[in-house]
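Below is the file structure33.cif, which contains mmCIF, C-alpha atoms.
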```
data_coords
loop_
_atom_site.label_atom_id
_atom_site.label_comp_id
_atom_site.auth_asym_id
_atom_site.auth_seq_id
_atom_site.Cartn_x
_atom_site.Cartn_y
_atom_site.Cartn_z
CA MET A 1 -10.78 -25.75 9.34
CA SER A 2 -10.04 -23.93 6.12
CA ARG A 3 -12.82 -21.50 6.99
CA ILE A 4 -11.09 -20.63 10.27
CA ILE A 5 -7.78 -20.06 8.48
CA LEU A 6 -9.44 -17.84 5.88
CA ILE A 7 -11.27 -15.79 8.50
CA ASN A 8 -8.11 -15.26 10.51
CA PHE A 9 -6.12 -14.34 7.42
CA LEU A 10 -8.71 -11.73 6.45
CA ARG A 11 -8.76 -10.44 10.03
CA PHE A 12 -4.96 -10.15 9.98
CA THR A 13 -4.85 -8.06 6.80
CA ALA A 14 -7.86 -5.94 7.71
CA LEU A 15 -6.51 -5.08 11.17
CA LEU A 16 -3.01 -4.46 9.85
CA PHE A 17 -4.22 -1.99 7.23
CA LEU A 18 -6.66 -0.36 9.62
CA GLN A 19 -3.83 0.15 12.09
CA VAL A 20 -1.15 1.52 9.78
CA PHE A 21 -3.26 3.62 7.43
CA LEU A 22 -6.01 4.92 9.72
CA LEU A 23 -5.31 4.50 13.44
CA LYS A 24 -1.65 5.51 13.09
CA ASN A 25 -2.83 9.01 12.27
CA ILE A 26 -5.30 9.21 15.15
CA THR A 27 -3.98 10.59 18.41
CA LEU A 28 -6.14 12.26 21.01
CA TYR A 29 -4.40 15.29 22.56
CA ASN A 30 -1.07 13.80 21.50
CA ILE A 31 -1.27 11.35 24.36
CA SER A 32 -3.80 8.62 23.59
CA THR A 33 -3.00 6.31 20.67
CA PRO A 34 -5.09 3.21 19.92
CA TYR A 35 -3.39 -0.07 18.98
CA LEU A 36 -6.37 -2.07 17.78
CA TYR A 37 -4.28 -4.59 15.82
CA ILE A 38 -3.74 -6.78 18.92
CA LEU A 39 -7.39 -7.82 18.54
CA PHE A 40 -6.11 -10.32 15.98
CA ILE A 41 -4.10 -12.14 18.64
CA LEU A 42 -6.94 -11.94 21.15
CA LEU A 43 -9.44 -13.50 18.76
CA LEU A 44 -7.40 -16.53 17.64
CA PRO A 45 -9.30 -19.79 18.34
CA PHE A 46 -8.90 -21.47 21.73
CA GLU A 47 -7.37 -24.57 20.18
CA THR A 48 -4.48 -22.72 18.55
CA PRO A 49 -1.29 -24.59 19.56
CA ASN A 50 1.12 -22.51 21.59
CA TRP A 51 3.91 -22.46 19.03
CA LEU A 52 1.51 -21.23 16.34
CA LEU A 53 0.13 -18.56 18.65
CA PHE A 54 3.61 -17.22 19.36
CA ALA A 55 4.60 -17.40 15.70
CA LEU A 56 1.50 -15.49 14.60
CA ALA A 57 1.97 -12.89 17.33
CA PHE A 58 5.57 -12.47 16.23
CA VAL A 59 4.60 -12.05 12.56
CA MET A 60 1.85 -9.57 13.43
CA GLY A 61 4.25 -7.56 15.58
CA LEU A 62 6.94 -7.48 12.92
CA SER A 63 4.46 -6.43 10.22
CA ILE A 64 3.36 -3.51 12.37
CA ASP A 65 7.02 -2.72 13.07
CA ALA A 66 7.76 -2.58 9.35
CA PHE A 67 5.25 0.23 8.97
CA TYR A 68 6.10 2.00 12.22
CA ASP A 69 9.89 1.83 11.61
CA THR A 70 10.51 0.28 15.02
CA PRO A 71 11.96 -3.17 14.30
CA GLY A 72 11.30 -5.55 17.19
CA LEU A 73 9.34 -3.21 19.45
CA HIS A 74 5.79 -4.32 18.64
CA ALA A 75 6.97 -7.91 18.14
CA ALA A 76 8.31 -8.02 21.70
CA ALA A 77 5.09 -6.54 23.11
CA CYS A 78 2.97 -9.00 21.11
CA ILE A 79 4.93 -11.99 22.42
CA VAL A 80 4.30 -10.85 25.98
CA LEU A 81 0.64 -10.46 25.06
CA ALA A 82 0.50 -14.01 23.66
CA PHE A 83 2.04 -15.40 26.84
CA VAL A 84 -0.44 -13.58 29.07
CA ARG A 85 -3.27 -14.79 26.82
CA ILE A 86 -2.23 -18.41 27.39
CA LEU A 87 -2.11 -17.86 31.16
CA PHE A 88 -5.44 -16.02 31.26
CA ILE A 89 -7.27 -18.63 29.18
CA SER A 90 -5.78 -21.55 31.11
CA ILE A 91 -6.98 -19.95 34.36
CA THR A 92 -10.48 -18.83 33.38
CA VAL A 93 -11.66 -21.18 30.66
CA GLN A 94 -10.89 -24.53 32.27
CA GLN A 95 -12.58 -23.56 35.50
CA GLU A 96 -15.75 -22.40 33.82
CA GLY A 97 -15.70 -25.09 31.13
CA PHE A 98 -15.80 -23.01 27.94
CA ASP A 99 -13.71 -25.57 26.11
CA HIS A 100 -16.12 -26.25 23.27
CA GLU A 101 -16.28 -22.59 22.19
CA PRO A 102 -14.25 -22.03 19.03
CA GLU A 103 -13.19 -18.38 19.38
CA PRO A 104 -13.06 -15.94 22.30
CA THR A 105 -15.38 -13.34 20.72
CA LEU A 106 -17.84 -11.08 22.44
CA SER A 107 -20.81 -12.97 21.03
CA THR A 108 -19.70 -16.41 22.27
CA MET A 109 -18.18 -15.49 25.63
CA GLY A 110 -20.49 -12.77 26.89
CA PHE A 111 -19.73 -9.22 27.86
CA ARG A 112 -18.24 -9.72 31.32
CA TRP A 113 -15.64 -12.28 30.34
CA PHE A 114 -14.72 -10.49 27.13
CA PHE A 115 -14.36 -7.14 28.85
CA THR A 116 -12.01 -8.54 31.54
CA TYR A 117 -10.09 -10.42 28.88
CA THR A 118 -9.51 -7.41 26.61
CA LEU A 119 -8.85 -5.06 29.50
CA ILE A 120 -6.17 -7.16 31.18
CA LEU A 121 -4.42 -8.16 27.97
CA THR A 122 -4.49 -4.63 26.55
CA LEU A 123 -3.07 -3.22 29.79
CA VAL A 124 -0.19 -5.70 29.74
CA HIS A 125 0.57 -5.11 26.06
CA HIS A 126 0.45 -1.32 26.29
CA PHE A 127 2.44 -1.19 29.49
CA PHE A 128 5.19 -3.21 27.93
CA LEU A 129 5.03 -1.32 24.61
CA PHE A 130 5.23 2.21 25.99
CA ASN A 131 7.92 1.46 28.53
CA LEU A 132 10.06 -0.38 26.02
CA GLU A 133 9.65 2.48 23.54
CA VAL A 134 10.72 5.20 25.96
CA PHE A 135 13.19 3.04 27.91
CA ARG A 136 13.85 5.67 30.54
CA PHE A 137 12.71 6.12 34.09
CA SER A 138 12.81 9.90 33.95
CA GLU A 139 9.55 10.15 31.98
CA ILE A 140 7.54 7.69 34.05
CA PRO A 141 4.52 9.94 34.82
CA TYR A 142 4.12 10.91 31.19
CA THR A 143 4.56 7.32 29.99
CA LEU A 144 2.01 6.06 32.52
CA GLY A 145 -0.45 8.70 31.37
CA ARG A 146 -0.03 7.62 27.77
CA PHE A 147 -0.31 3.98 28.79
CA VAL A 148 -3.58 4.38 30.71
CA LEU A 149 -5.31 6.68 28.23
CA SER A 150 -4.23 4.63 25.22
CA SER A 151 -5.44 1.43 26.89
CA ILE A 152 -8.86 2.97 27.49
CA PHE A 153 -9.05 4.05 23.85
CA THR A 154 -7.98 0.61 22.59
CA VAL A 155 -10.41 -1.31 24.82
CA PHE A 156 -13.20 1.03 23.75
CA LEU A 157 -12.47 0.32 20.08
CA MET A 158 -12.29 -3.43 20.77
CA LEU A 159 -15.69 -3.50 22.45
CA LEU A 160 -17.06 -1.41 19.61
CA THR A 161 -15.69 -3.93 17.10
CA GLY A 162 -17.10 -6.75 19.22
CA PHE A 163 -20.60 -5.28 19.13
CA LEU A 164 -20.28 -4.44 15.43
CA PHE A 165 -19.68 -8.11 14.59
CA PHE A 166 -22.06 -9.42 17.23
CA ARG A 167 -23.94 -12.55 16.09
CA ARG A 168 -27.03 -13.26 18.16
CA LYS A 169 -27.53 -16.90 17.26
CA GLU A 170 -24.17 -17.90 18.76
CA ARG A 171 -25.17 -16.56 22.15
CA LYS A 172 -26.31 -19.20 24.59
CA MET B 1 16.96 -36.70 30.18
CA ARG B 2 13.42 -37.97 29.89
CA ASN B 3 12.40 -35.91 32.87
CA LEU B 4 13.87 -32.84 31.23
CA LEU B 5 11.83 -33.43 28.07
CA VAL B 6 8.67 -33.94 30.12
CA PHE B 7 9.42 -30.74 31.99
CA ILE B 8 9.93 -28.79 28.77
CA THR B 9 6.76 -30.09 27.12
CA LYS B 10 4.74 -29.41 30.24
CA TYR B 11 5.81 -25.79 30.37
CA ASN B 12 6.19 -25.36 26.60
CA ALA B 13 4.35 -22.04 26.63
CA PHE B 14 6.96 -20.52 28.89
CA PHE B 15 9.92 -21.80 26.87
CA LEU B 16 8.36 -20.67 23.61
CA PHE B 17 7.75 -17.32 25.23
CA LEU B 18 11.42 -17.06 26.19
CA ILE B 19 12.65 -17.96 22.71
CA PHE B 20 10.38 -15.53 20.86
CA GLU B 21 10.78 -12.73 23.38
CA VAL B 22 14.55 -12.92 23.27
CA SER B 23 14.60 -12.89 19.47
CA ALA B 24 12.24 -9.89 19.39
CA LEU B 25 14.36 -8.00 21.88
CA VAL B 26 17.53 -8.85 19.96
CA ILE B 27 15.98 -7.39 16.83
CA TYR B 28 14.85 -4.34 18.79
CA ILE B 29 18.24 -3.63 20.33
CA ARG B 30 20.30 -4.63 17.32
CA TYR B 31 18.38 -2.56 14.78
CA ASN B 32 17.26 0.24 17.00
CA SER B 33 20.29 2.27 16.01
CA PHE B 34 18.15 2.77 12.92
CA GLN B 35 20.91 3.38 10.40
CA LYS B 36 21.26 -0.39 10.27
CA ALA B 37 17.55 -1.02 9.92
CA THR B 38 17.76 -2.12 6.35
CA PHE B 39 15.24 -4.89 6.13
CA ILE B 40 12.33 -3.94 8.35
CA SER B 41 11.44 -0.34 7.66
CA SER B 42 9.34 1.87 5.49
CA THR B 43 12.03 2.23 2.82
CA SER B 44 11.64 -1.43 1.97
CA GLN B 45 10.00 -2.34 -1.32
CA VAL B 46 6.65 -3.53 0.00
CA THR B 47 5.83 -1.07 2.74
CA GLY B 48 7.33 1.83 0.79
CA ALA B 49 5.18 1.07 -2.23
CA MET B 50 2.05 0.86 -0.07
CA TYR B 51 2.76 4.13 1.69
CA THR B 52 3.27 5.81 -1.70
CA GLN B 53 -0.12 4.53 -2.89
CA VAL B 54 -2.05 5.64 0.17
CA ASN B 55 -0.26 8.95 0.26
CA GLY B 56 -1.28 9.59 -3.33
CA LEU B 57 -4.89 9.42 -2.17
CA LYS B 58 -4.38 11.43 0.98
CA SER B 59 -2.60 14.31 -0.72
CA TYR B 60 -5.85 15.30 -2.44
CA LEU B 61 -7.41 16.12 0.90
CA SER B 62 -5.02 18.92 1.68
CA LEU B 63 -4.56 20.38 -1.80
CA SER B 64 -5.83 23.80 -0.84
CA GLU B 65 -3.44 24.15 2.08
CA VAL B 66 -0.52 23.06 -0.05
CA ASN B 67 -1.58 25.55 -2.71
CA ASP B 68 -1.64 28.33 -0.15
CA SER B 69 1.79 27.55 1.16
CA LEU B 70 3.22 27.26 -2.34
CA ALA B 71 1.69 30.57 -3.32
CA ARG B 72 3.18 32.18 -0.25
CA GLU B 73 6.58 30.74 -1.01
CA ASN B 74 6.32 31.85 -4.63
CA ALA B 75 5.64 35.37 -3.49
CA ARG B 76 8.57 35.29 -1.13
CA LEU B 77 10.93 34.02 -3.82
CA ARG B 78 9.65 36.51 -6.34
CA ASN B 79 10.56 39.25 -3.91
CA GLN B 80 14.14 38.12 -4.14
CA LEU B 81 14.31 38.16 -7.93
CA LYS B 82 16.53 40.74 -9.57
CA THR B 83 13.64 41.92 -11.68
CA SER B 84 11.68 43.04 -8.69
CA PHE B 85 14.34 45.47 -7.61
CA TYR B 86 14.34 49.03 -8.81
CA LYS B 87 17.56 50.06 -10.52
CA ASP B 88 18.99 53.17 -8.98
CA SER B 89 21.92 53.93 -11.25
CA SER B 90 21.52 54.76 -14.87
CA VAL B 91 24.71 53.04 -15.97
CA ARG B 92 24.17 49.43 -17.03
CA ARG B 93 26.98 47.00 -16.74
CA GLN B 94 27.14 43.33 -17.31
CA VAL B 95 29.34 41.62 -14.76
CA LYS B 96 30.11 37.99 -15.12
CA ASP B 97 29.82 36.88 -11.56
CA THR B 98 32.79 34.79 -10.56
CA PHE B 99 32.76 35.85 -6.95
CA TYR B 100 29.58 34.10 -5.89
CA LYS B 101 29.30 30.43 -6.60
CA GLN B 102 26.37 28.39 -5.57
CA GLN B 103 27.05 26.48 -2.37
CA TYR B 104 23.62 25.07 -1.64
CA THR B 105 21.18 23.39 -4.00
CA PHE B 106 17.78 22.03 -3.05
CA ILE B 107 16.04 18.81 -4.01
CA GLU B 108 12.30 18.88 -3.52
CA ALA B 109 10.69 15.75 -2.12
CA LYS B 110 7.29 14.55 -1.06
CA VAL B 111 6.62 13.21 2.43
CA ILE B 112 5.05 9.77 2.16
CA ASN B 113 5.14 8.72 5.81
CA ASN B 114 5.20 10.84 8.90
CA SER B 115 4.71 10.63 12.63
CA THR B 116 4.62 13.18 15.44
CA ASN B 117 3.29 11.26 18.42
CA ARG B 118 6.23 9.14 19.47
CA SER B 119 9.44 9.97 21.26
CA THR B 120 11.40 9.13 18.12
CA ASN B 121 9.76 10.57 15.03
CA TYR B 122 10.84 10.00 11.45
CA LEU B 123 9.60 11.04 8.01
CA THR B 124 9.94 8.99 4.87
CA ILE B 125 10.44 10.97 1.65
CA ASP B 126 10.20 9.81 -1.94
CA ARG B 127 13.75 10.70 -3.02
CA GLY B 128 16.79 8.48 -2.58
CA SER B 129 20.38 7.98 -3.61
CA ARG B 130 19.37 7.84 -7.30
CA GLN B 131 18.25 11.45 -7.01
CA GLY B 132 21.44 12.49 -5.24
CA ILE B 133 20.45 12.29 -1.61
CA ALA B 134 23.10 11.23 0.90
CA LYS B 135 23.12 10.51 4.59
CA GLY B 136 23.50 13.55 6.82
CA MET B 137 21.90 16.13 4.52
CA GLY B 138 19.61 18.70 6.08
CA VAL B 139 15.91 18.89 5.31
CA ILE B 140 13.79 22.04 5.33
CA CYS B 141 10.35 23.06 4.13
CA GLY B 142 8.72 26.34 3.21
CA ALA B 143 8.06 27.21 6.84
CA GLY B 144 11.45 26.23 8.27
CA LEU B 145 13.74 23.53 9.55
CA VAL B 146 12.52 19.90 9.44
CA GLY B 147 15.39 17.51 10.22
CA LYS B 148 18.21 15.53 8.68
CA VAL B 149 18.53 12.45 6.47
CA VAL B 150 19.57 9.36 8.42
CA TYR B 151 19.00 6.51 6.02
CA VAL B 152 19.02 6.45 2.22
CA GLY B 153 17.53 3.82 -0.04
CA ASP B 154 17.51 3.78 -3.82
CA HIS B 155 14.28 5.73 -4.22
CA LEU B 156 13.25 6.62 -0.68
CA SER B 157 14.99 8.05 2.36
CA ILE B 158 14.25 8.41 6.03
CA VAL B 159 14.55 11.75 7.78
CA GLN B 160 15.00 12.06 11.51
CA SER B 161 12.75 15.00 12.27
CA LEU B 162 13.45 17.70 14.84
CA LEU B 163 10.81 15.90 16.92
CA HIS B 164 13.24 13.19 18.00
CA LYS B 165 14.83 12.87 21.42
CA ASP B 166 18.32 12.70 19.85
CA SER B 167 17.92 15.55 17.36
CA ARG B 168 20.11 18.57 17.94
CA PHE B 169 20.82 21.40 15.52
CA SER B 170 22.98 24.49 15.76
CA ALA B 171 20.80 27.61 15.95
CA MET B 172 21.04 31.30 16.75
CA LEU B 173 18.91 34.27 17.67
CA ALA B 174 18.03 36.18 14.50
CA LYS B 175 18.80 39.65 15.88
CA GLY B 176 21.67 39.13 18.29
CA LYS B 177 23.35 36.25 16.41
CA GLU B 178 24.04 34.51 19.72
CA LEU B 179 24.63 30.83 19.14
CA GLY B 180 22.95 27.93 20.86
CA TYR B 181 21.43 24.68 19.83
CA ILE B 182 17.85 23.62 19.35
CA GLU B 183 16.32 20.42 20.71
CA TRP B 184 12.83 19.02 21.03
CA SER B 185 11.12 19.85 24.32
CA ASP B 186 11.05 17.15 27.01
CA ASP B 187 7.28 16.83 27.19
CA LEU B 188 6.99 15.57 23.58
CA ASP B 189 4.82 18.49 22.46
CA PRO B 190 5.11 18.63 18.62
CA HIS B 191 4.88 22.44 18.61
CA LYS B 192 7.62 23.17 21.12
CA GLY B 193 11.41 23.14 21.05
CA ILE B 194 14.07 24.32 23.46
CA LEU B 195 16.96 26.59 22.56
CA LYS B 196 19.85 25.70 24.84
CA ASP B 197 23.27 27.02 25.75
CA VAL B 198 22.84 30.62 24.67
CA SER B 199 25.44 32.81 26.33
CA ASN B 200 24.38 35.02 29.23
CA ASN B 201 25.15 38.21 27.30
CA ALA B 202 22.26 37.66 24.97
CA GLN B 203 19.13 39.67 25.57
CA PRO B 204 16.41 37.61 23.94
CA LYS B 205 12.89 38.99 23.68
CA LEU B 206 9.62 37.16 23.56
CA GLY B 207 8.63 36.56 19.96
CA GLU B 208 12.15 36.95 18.61
CA GLN B 209 12.97 34.67 15.69
CA VAL B 210 15.29 31.71 16.11
CA VAL B 211 17.09 30.68 12.89
CA THR B 212 19.73 28.19 11.81
CA SER B 213 23.33 29.28 12.33
CA ASP B 214 26.28 29.26 9.95
CA TYR B 215 27.61 26.12 11.58
CA SER B 216 24.63 23.93 10.78
CA LEU B 217 23.84 21.64 7.86
CA PHE B 218 21.62 24.38 6.51
CA PRO B 219 22.16 27.76 4.93
CA ALA B 220 22.23 30.33 7.72
CA GLY B 221 18.93 32.02 8.50
CA ILE B 222 16.40 29.26 7.88
CA PRO B 223 13.61 29.95 10.40
CA ILE B 224 13.09 27.48 13.25
CA GLY B 225 10.54 29.23 15.42
CA LYS B 226 9.84 32.09 17.79
CA ILE B 227 10.76 32.42 21.44
CA SER B 228 7.63 31.71 23.45
CA ASN B 229 8.92 31.54 27.02
CA LEU B 230 12.11 32.91 28.54
CA HIS B 231 11.97 31.45 32.01
CA THR B 232 12.55 27.81 31.43
CA ARG B 233 15.16 26.04 33.54
CA ALA B 234 18.14 28.39 33.80
CA GLY B 235 21.31 26.49 33.05
CA GLY B 236 23.84 28.37 35.20
CA TYR B 237 26.16 30.23 32.87
CA THR B 238 23.91 29.81 29.89
CA LEU B 239 20.31 30.58 29.05
CA ASN B 240 17.68 28.10 27.94
CA MET B 241 14.45 29.22 26.36
CA GLU B 242 11.31 27.72 24.94
CA VAL B 243 10.68 28.05 21.22
CA SER B 244 7.36 27.58 19.47
CA LEU B 245 8.28 25.80 16.25
CA ALA B 246 7.51 27.38 12.88
CA VAL B 247 6.82 24.09 11.13
CA ASP B 248 3.59 22.19 11.79
CA PHE B 249 5.03 18.68 11.55
CA SER B 250 1.68 16.95 11.43
CA LYS B 251 0.82 18.70 8.16
CA LEU B 252 4.10 18.27 6.28
CA GLN B 253 3.56 17.45 2.62
CA TYR B 254 6.53 18.71 0.64
CA VAL B 255 10.07 19.24 1.91
CA GLU B 256 13.39 20.26 0.38
CA VAL B 257 16.66 18.45 0.96
CA VAL B 258 19.66 20.77 1.26
CA VAL B 259 22.70 19.69 -0.72
CA ASN B 260 25.79 21.45 0.53
CA LYS B 261 28.45 21.41 -2.21
CA LEU B 262 31.23 22.01 0.28
CA ALA B 263 30.07 19.44 2.83
CA SER B 264 32.33 16.60 1.75
CA GLU B 265 35.33 18.92 1.58
CA GLN B 266 34.60 20.22 5.07
CA ALA B 267 34.09 16.75 6.48
CA GLY B 268 37.33 15.55 4.87
CA LEU B 269 39.31 18.45 6.27
CA GLU B 270 37.88 18.03 9.72
CA ALA B 271 38.59 14.31 9.71
CA GLN B 272 42.18 15.05 8.71
CA GLU B 273 42.54 17.49 11.53
CA LYS B 274 41.28 14.91 13.99
CA LYS B 275 43.75 12.38 12.67
CA ASN B 276 46.64 14.79 13.14
CA GLU B 277 45.79 15.47 16.73
#
```

I need this file expressed as structure tokens, please.
Amino acid sequence: MSRIILINFLRFTALLFLQVFLLKNITLYNISTPYLYILFILLLPFETPNWLLFALAFVMGLSIDAFYDTPGLHAAACIVLAFVRILFISITVQQEGFDHEPEPTLSTMGFRWFFTYTLILTLVHHFFLFNLEVFRFSEIPYTLGRFVLSSIFTVFLMLLTGFLFFRRKERK
Amino acid sequence: MRNLLVFITKYNAFFLFLIFEVSALVIYIRYNSFQKATFISSTSQVTGAMYTQVNGLKSYLSLSEVNDSLARENARLRNQLKTSFYKDSSVRRQVKDTFYKQQYTFIEAKVINNSTNRSTNYLTIDRGSRQGIAKGMGVICGAGLVGKVVYVGDHLSIVQSLLHKDSRFSAMLAKGKELGYIEWSDDLDPHKGILKDVSNNAQPKLGEQVVTSDYSLFPAGIPIGKISNLHTRAGGYTLNMEVSLAVDFSKLQYVEVVVNKLASEQAGLEAQEKKNE
């Protein structure tokens, strides 16, 4: 138990710093920005109680907001993300009986499930984030462009991270 | 009552979602006016200190560019020194100058946090109210106009850069002196601005300089950019034109905050006038 807490705490700080000191400065053609920090929320163990999941998502969002000077924006997007995560896991995991797996990582869940999982959740988070940030209908095409390209970039980085920390022995 | 509790526990995810989402949105809407964002922002103790640390490391990477720009600015300033002018008359007089008094002073500051890729971009600088910075002061750098101070902490302040959808500064054409105002372009390109509401009499040319006007927060004549396209959306009785900005916002390292000695007097007078009306 304490090991899980420690791992998640380290993951929280590492992703937070990676996001605000490195990825914040990376923008492809001024349109595609990665938000890798949501990987923290995606990788929380399956058994995390709902209230804790929401609380952690809220804290993560606010910490990012503190560095991005956008109080509330990332927090709101992260809460939506946490809600969709609960829905997605309740739909897919019970049906296929993954209940004994501790964490939804690439190495335990396999590529197909993990790819769908990250893709859908990233799309929801980014869609909410970009539209809430702009908050206007007049720039819809531009916002959608940013949303799609940024999502691709983020999912790419997530899969890359997944393979980087791939542990063979956990694979069934 | 019991049924209600059962209902709530069964769908607890949804109710938790509602509670957290509403609180996040309240924070977003309440503090989005930014001037009020006192507790979650990069002027706060923790995040400010971290940004200062990391920025200390990063500034080494662009030392040569900073050196170049400083050297260029030095040369420009030296050109304005009295000693670099040739004296034409042979009579030497000492005049104690009481006619000119300094109106503007400049406080140099270092940029410790910066963004250019959002629709609302801000810089954080390492000078605050202790060093004499106040809300509403203009900010420039060696290359030209940067923005204005919107929030002041003790040691740090936040500058709303020209790359912000609400930024608007009074500007004019350098040659013709026709007034207009400068805004960021709609497509969020960090190198482009739009000069709006220039009167139809003006005859702007491609490549003509756009500078700050006498009515702005800045001394008149601070460069903003050059006209890059004349045929953007005609606005009826006025002309709009595209400006390629002089400042490369993604590489800002050092800026200067403009302190206008007469600003408070002007603001006081104008407030009085409004009251009388």

Q: Write out as number ranges by chain which residues come within 7 Å of region 146-160 of chain A when counting only C-alpha atoms, dropping same-chain ones fewer than 3 positions away.
A: A: 31-36, 39, 118-119, 122-123, 126-127, 130, 142-143, 163-164

(Q) Residues within 12 Å of Phe17 (chain A), please, as a list of chain:residue names. Count all atoms listed in the file; anything in the same chain fewer than 3 positions from it doesn't count. (A)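 Returned residues: A:Leu10, A:Arg11, A:Phe12, A:Thr13, A:Ala14, A:Val20, A:Phe21, A:Leu22, A:Leu23, A:Lys24, A:Tyr35, A:Leu36, A:Tyr37, A:Met60, A:Ser63, A:Ile64, A:Phe67, B:Thr47, B:Met50, B:Tyr51, B:Val54.
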
Q: Would you write out, as a ChimeraX atom specification, every residue that the PyMOL selection byres ((chain A) within 9 of (chain B)) captures in this file?
A: /A:21,24-25,27,30-31,33,50-51,54-55,58,62-63,65-80,82-83,86-87,133-134,139,142

Any idea what's packed within 7 Å of Val139 (chain B), counting only C-alpha atoms, ignoring anything in its chain fewer than 5 positions away? Could you give it as a compact mmCIF listing (two decimals) with C-alpha atoms, in the coordinates of the input?
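Final file, selection27.txt:
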```txt
# COMPACT_ATOMS: atom_id res chain seq x y z
CA LEU B 145 13.74 23.53 9.55
CA VAL B 146 12.52 19.90 9.44
CA GLY B 147 15.39 17.51 10.22
CA LYS B 148 18.21 15.53 8.68
CA VAL B 255 10.07 19.24 1.91
CA GLU B 256 13.39 20.26 0.38
CA VAL B 257 16.66 18.45 0.96
CA VAL B 258 19.66 20.77 1.26
```

Q) Excluding same-chain residues fewer than 4 positions from Ser216 (chain B), what lies within 10 Å of it counting all atoms listed in the file, as number ranges by chain? A) B: 138, 169-171, 181, 212, 220

Q: Grab the CA of Ala263 (chain B) to CA of Asp214 (chain B) distance for me, in Å with one decimal place.
A: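 So the answer is 12.7 Å.
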
Q: One decimal, Å: what's the distance from CA of Glu242 (chain B) over to CA of Ile125 (chain B), could you say?
A: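 Interatomic distance, CA of Glu242 (chain B) to CA of Ile125 (chain B): 28.7 Å.
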
Apply the PyMOL selection byres ((chain A and resi 42) around 9) to the structure shown and report the selected residues as a tab-separated table (two decimals) with C-alpha atoms, in the frame of the given file.
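Wrote it out as result06.tsv, contents follow:
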```tsv
chain	number	residue	atom	x	y	z
A	38	ILE	CA	-3.74	-6.78	18.92
A	39	LEU	CA	-7.39	-7.82	18.54
A	40	PHE	CA	-6.11	-10.32	15.98
A	41	ILE	CA	-4.10	-12.14	18.64
A	43	LEU	CA	-9.44	-13.50	18.76
A	44	LEU	CA	-7.40	-16.53	17.64
A	45	PRO	CA	-9.30	-19.79	18.34
A	81	LEU	CA	0.64	-10.46	25.06
A	82	ALA	CA	0.50	-14.01	23.66
A	85	ARG	CA	-3.27	-14.79	26.82
A	104	PRO	CA	-13.06	-15.94	22.30
A	105	THR	CA	-15.38	-13.34	20.72
A	117	TYR	CA	-10.09	-10.42	28.88
A	118	THR	CA	-9.51	-7.41	26.61
A	121	LEU	CA	-4.42	-8.16	27.97
```

Q: Can you work out which one of A:Val124, A:Phe166, A:Asn131, A:Ile140 has the shortest atom-to-atom distance to Met109 (chain A), counting only C-alpha atoms?
A: A:Phe166

Q. CA of Phe249 (chain B) and CA of Tyr151 (chain B), how far apart in Å?
A. 19.3 Å

Q) With distances taken over all atoms listed in the file, which of B:Val259, B:Val243, B:Ile133, B:Leu179 is nearest to Tyr215 (chain B)? A) B:Leu179

**Q.** Residues in the PyMOL selection byres ((chain B and resi 197-208) around 9), expressed as a PyMOL selection string
**A.** chain B and resi 172-181+195-196+209-210+225-230+235-241+243

Just the residues within 8 Å of His155 (chain B), please, counting all atoms listed in the file, with nothing from its chain fewer than 4 positions along; format it as a short mmCIF file (atom, residue, chain, number, x, y, z; two decimals) with C-alpha atoms, keeping the file's coordinate frame.
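Output file around16.cif is given in full below:
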```cif
data_model
loop_
_atom_site.label_atom_id
_atom_site.label_comp_id
_atom_site.auth_asym_id
_atom_site.auth_seq_id
_atom_site.Cartn_x
_atom_site.Cartn_y
_atom_site.Cartn_z
CA ASP B 126 10.20 9.81 -1.94
CA ARG B 127 13.75 10.70 -3.02
CA GLY B 128 16.79 8.48 -2.58
CA SER B 129 20.38 7.98 -3.61
CA ARG B 130 19.37 7.84 -7.30
CA GLN B 131 18.25 11.45 -7.01
#
```

Kindly compute an axis-aligned box around the listed atoms of region 112-115 of chain A, allowing 4 Å on each side, and express its centre and edge lengths in Å to one decimal as lines of an AutoDock Vina configuration file.
```
center_x = -16.3
center_y = -9.7
center_z = 29.2
size_x = 11.9
size_y = 13.1
size_z = 12.2
```

(Q) My list of candidates is A:Thr92, A:Ser2, A:Gln19, A:Thr108. Which is closest to Gly162 (chain A) when distances are computed with all atoms listed in the file? (A)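 Of A:Thr92, A:Ser2, A:Gln19, A:Thr108, the one nearest Gly162 (chain A) is A:Thr108, counting all atoms listed in the file.
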